[in-house]
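For reference, the structure is listed below as structure tokens.
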Amino acid sequence: MTIKDIKEILGGKLIVGEEWSDREVHTACGADMMSDVLAFMKDQSVLLTGLCNLQVIRTAEMMDVVCIVFVRGKMPDETMIQVAKEREIALITTGHRMFSACGMLYEKGLRGGATYK
Amino acid sequence: MNDKITMHYQVPADDFTRAGEASSSVKSKLKMMGVKPEIIRKVAIAMYEGEINMVIHASGGTIDVTVSQEEITIVLKDQGPGIEDIDQAMRAGFSTAPDNIRALGFGAGMGLPNMKKYTDELIIDSEIGKGTTVTMKVKLPTD
């Protein structure tokens with residue numbers, strides 16, 4: 001699945017990343033706690049979150065996340081957009097809630113990481 | 001690369017928006033030095049968690065990163081309140097972070113466990129009322 005596919009499936013708006021929207025996404029993670037993301041996230045993932053601050057972008061940067069989806073219509077501010085551009089992290093906003101957004105991507109074949117043991 | 005490369009950062013107090021800048025800088029520099037991506041990610045995550053902890057609990061501090069042929073060493077030093085019970089602090093899910101920090105997406109009690117998870121060595125030296133020094137090492141592959 002590509003970043004562009006995610007945007008289309010979620011009927012979202014691509015705020016950052018038009019130029020690299022063909023990049024592949026392998027797994028997904030939905031979380032509002034950034035330390036959970038830092039603990040369990042896999043490579044080349046999309047992060048779905050209801051949290052909207054600079055630390056979301058920083059967390060994504062550390063994890064090499066390729067795309068962040070902000071649910072419930074959250075809009076990143078200028079600083080977040082700027083840092084995301086510099087680090088080449090795509091930003092999408094969608095009006096869907098977390099559960100629905102995750103479900104829609106799952107239905108199209110996107111999966112999370114391994115089960116935590 | 002026989003010489004050690006060192007990097008020094010000052011982590012500002014109480015400025016949550018700037019937390020992560022040092023880790024971000026180290027990540028970029030390691031990338032330029034040609035360090036393997038999986039090693040960079042380990043270092044970046046462990047250091048970022050430490051940097052966030054400094055801002056939340058200790059009014060900032062300093063971070064020194066040393067890259068040698070064998071390993072990357074990260075030393076986070078603060079003059080904060082110190083950690084009362086290190087074993088408790090190491091437990092996944094245990095947190096003393098205030099609610100305003102939780103609202104920002106941290107304080108899940110995963111910081112120290114994550115730092116342990118992503119490093120080969122984690123040493124916490126803490127004294128109540130004096131501060132905490134956290135030393136982390138990530139080994140570099142020998143090939």
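Residue names in the structure tokens use chain letters A, B, ... in the order shown, residue numbers from 1 in each chain, and ligand numbers from 1 in the order shown.
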
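Residues with any atom within 10 Å of Ile56 (chain B), counting only C-alpha atoms and excluding same-chain neighbours fewer than 6 positions away, are Ala13, Asp14, Asp15, Phe16, Ala19, Gly50, Gly80, Thr96, Ala97, Pro98, Ile101, Phe106 and Gly107 of chain B.
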
Item to complete: Using only C-alpha atoms, find which residues of chain A lie within 9 Å of chain B and jot them down as an NGL selection string.
Response: :A and (31-36 or 38-39 or 51-56 or 58-59 or 61-64)

Wanna dump the region 59-104 of chain B-region 119-129 of chain B contacts at 12 Å for me, each residue with its shortest atom pair and the distance in Å to one decimal, counting only C-alpha atoms, ordered by chain and number, as a Markdown table?
```
| residue | atom | partner | partner_atom | distance |
| --- | --- | --- | --- | --- |
| B:Glu71 | CA | B:Asp120 | CA | 9.6 |
| B:Ile72 | CA | B:Thr119 | CA | 9.7 |
| B:Thr73 | CA | B:Glu121 | CA | 9.3 |
| B:Ile74 | CA | B:Leu122 | CA | 9.6 |
| B:Val75 | CA | B:Ile123 | CA | 9.5 |
| B:Leu76 | CA | B:Ile124 | CA | 9.6 |
| B:Lys77 | CA | B:Asp125 | CA | 9.5 |
| B:Asp78 | CA | B:Ser126 | CA | 9.5 |
| B:Gln79 | CA | B:Gly129 | CA | 7.9 |
| B:Gly80 | CA | B:Gly129 | CA | 6.8 |
| B:Pro81 | CA | B:Gly129 | CA | 4.6 |
| B:Gly82 | CA | B:Ile128 | CA | 4.4 |
| B:Ile83 | CA | B:Ser126 | CA | 5.9 |
| B:Glu84 | CA | B:Ile128 | CA | 6.5 |
| B:Asp85 | CA | B:Ser126 | CA | 9.5 |
| B:Ile86 | CA | B:Ile124 | CA | 7.9 |
| B:Asp87 | CA | B:Ile124 | CA | 10.4 |
| B:Ala89 | CA | B:Ile124 | CA | 10.6 |
| B:Met90 | CA | B:Ile124 | CA | 10.2 |
```

Emit the selected residues as a short mmCIF file (atom, residue, chain, number, x, y, z; two decimals), in the first residue's frame, including all heavy atoms.
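Below you can see result.cif, which holds the result:
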```cif
data_model
loop_
_atom_site.label_atom_id
_atom_site.label_comp_id
_atom_site.auth_asym_id
_atom_site.auth_seq_id
_atom_site.Cartn_x
_atom_site.Cartn_y
_atom_site.Cartn_z
N GLU B 71 31.57 1.08 19.71
CA GLU B 71 30.24 1.35 20.26
C GLU B 71 29.88 2.84 20.25
O GLU B 71 30.75 3.69 20.07
CB GLU B 71 30.16 0.83 21.71
CG GLU B 71 31.18 1.51 22.61
CD GLU B 71 31.40 0.79 23.93
OE1 GLU B 71 30.91 -0.33 24.10
OE2 GLU B 71 32.07 1.37 24.79
N ILE B 72 28.60 3.08 20.45
CA ILE B 72 28.12 4.45 20.61
C ILE B 72 27.67 4.60 22.07
O ILE B 72 26.88 3.78 22.56
CB ILE B 72 26.95 4.74 19.65
CG1 ILE B 72 27.42 4.59 18.20
CG2 ILE B 72 26.38 6.16 19.89
CD1 ILE B 72 26.33 4.71 17.16
N THR B 73 28.22 5.58 22.75
CA THR B 73 27.89 5.80 24.16
C THR B 73 27.11 7.10 24.30
O THR B 73 27.50 8.13 23.75
CB THR B 73 29.19 5.88 25.01
OG1 THR B 73 29.99 4.74 24.71
CG2 THR B 73 28.88 5.91 26.50
N ILE B 74 26.00 7.04 25.02
CA ILE B 74 25.18 8.23 25.25
C ILE B 74 25.13 8.46 26.76
O ILE B 74 24.70 7.58 27.51
CB ILE B 74 23.74 8.01 24.74
CG1 ILE B 74 23.77 7.51 23.28
CG2 ILE B 74 22.91 9.30 24.83
CD1 ILE B 74 22.66 6.53 22.97
N VAL B 75 25.56 9.62 27.20
CA VAL B 75 25.52 9.95 28.63
C VAL B 75 24.59 11.14 28.85
O VAL B 75 24.82 12.23 28.33
CB VAL B 75 26.93 10.26 29.19
CG1 VAL B 75 26.85 10.59 30.68
CG2 VAL B 75 27.87 9.09 28.96
N LEU B 76 23.50 10.89 29.58
CA LEU B 76 22.53 11.95 29.87
C LEU B 76 22.69 12.34 31.34
O LEU B 76 22.58 11.49 32.22
CB LEU B 76 21.09 11.46 29.63
CG LEU B 76 20.77 10.95 28.23
CD1 LEU B 76 20.62 9.44 28.24
CD2 LEU B 76 19.52 11.60 27.68
N LYS B 77 22.96 13.61 31.57
CA LYS B 77 23.26 14.05 32.92
C LYS B 77 22.32 15.20 33.31
O LYS B 77 22.19 16.17 32.55
CB LYS B 77 24.71 14.54 32.95
CG LYS B 77 25.37 14.49 34.30
CD LYS B 77 26.85 14.88 34.12
CE LYS B 77 27.56 15.05 35.43
NZ LYS B 77 27.64 13.84 36.23
N ASP B 78 21.66 15.06 34.46
CA ASP B 78 20.80 16.16 34.90
C ASP B 78 20.99 16.43 36.39
O ASP B 78 21.57 15.62 37.11
CB ASP B 78 19.33 15.86 34.61
CG ASP B 78 18.78 14.72 35.45
OD1 ASP B 78 18.81 14.82 36.69
OD2 ASP B 78 18.29 13.73 34.87
N GLN B 79 20.53 17.61 36.79
CA GLN B 79 20.57 17.96 38.21
C GLN B 79 19.15 17.96 38.79
O GLN B 79 18.79 18.82 39.59
CB GLN B 79 21.22 19.34 38.39
CG GLN B 79 22.71 19.29 38.68
CD GLN B 79 23.54 19.57 37.44
OE1 GLN B 79 23.30 20.55 36.76
NE2 GLN B 79 24.49 18.70 37.14
N GLY B 80 18.37 17.01 38.33
CA GLY B 80 16.97 16.93 38.74
C GLY B 80 16.80 16.29 40.12
O GLY B 80 17.77 16.15 40.86
N PRO B 81 15.57 15.88 40.43
CA PRO B 81 15.26 15.38 41.78
C PRO B 81 15.82 13.99 42.07
O PRO B 81 15.84 13.57 43.23
CB PRO B 81 13.72 15.34 41.78
CG PRO B 81 13.35 15.20 40.34
CD PRO B 81 14.39 15.93 39.56
N GLY B 82 16.28 13.28 41.03
CA GLY B 82 16.77 11.92 41.25
C GLY B 82 15.63 10.91 41.19
O GLY B 82 14.46 11.28 41.28
N ILE B 83 15.98 9.63 41.05
CA ILE B 83 14.97 8.57 40.97
C ILE B 83 14.95 7.83 42.30
O ILE B 83 15.96 7.29 42.74
CB ILE B 83 15.28 7.59 39.82
CG1 ILE B 83 15.37 8.35 38.49
CG2 ILE B 83 14.22 6.50 39.74
CD1 ILE B 83 15.97 7.54 37.34
N GLU B 84 13.76 7.81 42.92
CA GLU B 84 13.63 7.24 44.26
C GLU B 84 13.86 5.73 44.26
O GLU B 84 14.63 5.21 45.05
CB GLU B 84 12.23 7.55 44.79
CG GLU B 84 12.17 7.64 46.29
CD GLU B 84 10.89 8.31 46.74
OE1 GLU B 84 10.68 9.51 46.39
OE2 GLU B 84 10.11 7.63 47.39
N ASP B 85 13.19 5.04 43.36
CA ASP B 85 13.27 3.58 43.30
C ASP B 85 13.52 3.17 41.85
O ASP B 85 12.58 3.16 41.05
CB ASP B 85 11.96 2.98 43.84
CG ASP B 85 11.99 1.47 43.91
OD1 ASP B 85 12.84 0.85 43.23
OD2 ASP B 85 11.17 0.89 44.65
N ILE B 86 14.76 2.85 41.53
CA ILE B 86 15.11 2.58 40.13
C ILE B 86 14.40 1.32 39.60
O ILE B 86 13.92 1.31 38.48
CB ILE B 86 16.65 2.49 39.96
CG1 ILE B 86 17.26 3.89 40.20
CG2 ILE B 86 17.03 2.02 38.55
CD1 ILE B 86 18.76 3.97 40.16
N ASP B 87 14.30 0.28 40.44
CA ASP B 87 13.61 -0.94 40.00
C ASP B 87 12.17 -0.67 39.60
O ASP B 87 11.66 -1.17 38.60
CB ASP B 87 13.63 -2.01 41.11
CG ASP B 87 15.02 -2.60 41.29
OD1 ASP B 87 15.82 -2.47 40.35
OD2 ASP B 87 15.29 -3.15 42.37
N ALA B 89 11.02 2.28 38.65
CA ALA B 89 11.05 3.13 37.46
C ALA B 89 11.29 2.32 36.19
O ALA B 89 10.86 2.70 35.09
CB ALA B 89 12.13 4.20 37.60
N MET B 90 11.96 1.17 36.36
CA MET B 90 12.26 0.32 35.20
C MET B 90 11.06 -0.51 34.76
O MET B 90 11.05 -1.09 33.69
CB MET B 90 13.40 -0.65 35.54
CG MET B 90 14.78 -0.04 35.64
SD MET B 90 15.32 0.83 34.15
CE MET B 90 15.22 -0.45 32.91
#
```

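Interatomic distance, CA of Val65 (chain B) against CA of His8 (chain B): 6.5 Å.
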
Worksheet item: What is the distance between CA of Lys4 (chain B) and CA of Val138 (chain B), in Å to one decimal?
Response: 14.6 Å

Worksheet entry | Contacts of Ile68 (chain A) within 7 Å, only C-alpha atoms, excl. fewer than 4 positions in-chain, as a PyMOL selection string | chain A and resi 46-48+90-92

Item to complete: Might you pull out every residue within 9 Å of Asp43 (chain A), with only C-alpha atoms counted and same-chain residues fewer than 3 positions away left off, and present them as a PyMOL selection string?
Response: chain A and resi 25-27+63-66

Response to the item:
Computed gap from CA of Lys13 (chain A) to CA of Glu78 (chain A) is 15.8 Å

Worksheet item: Among chain B, which ones does DSSP place in strand (DSSP E or B), written as a PyMOL selection string?
Response: chain B and resi 5-11+61-67+71-78+121-127+131-139
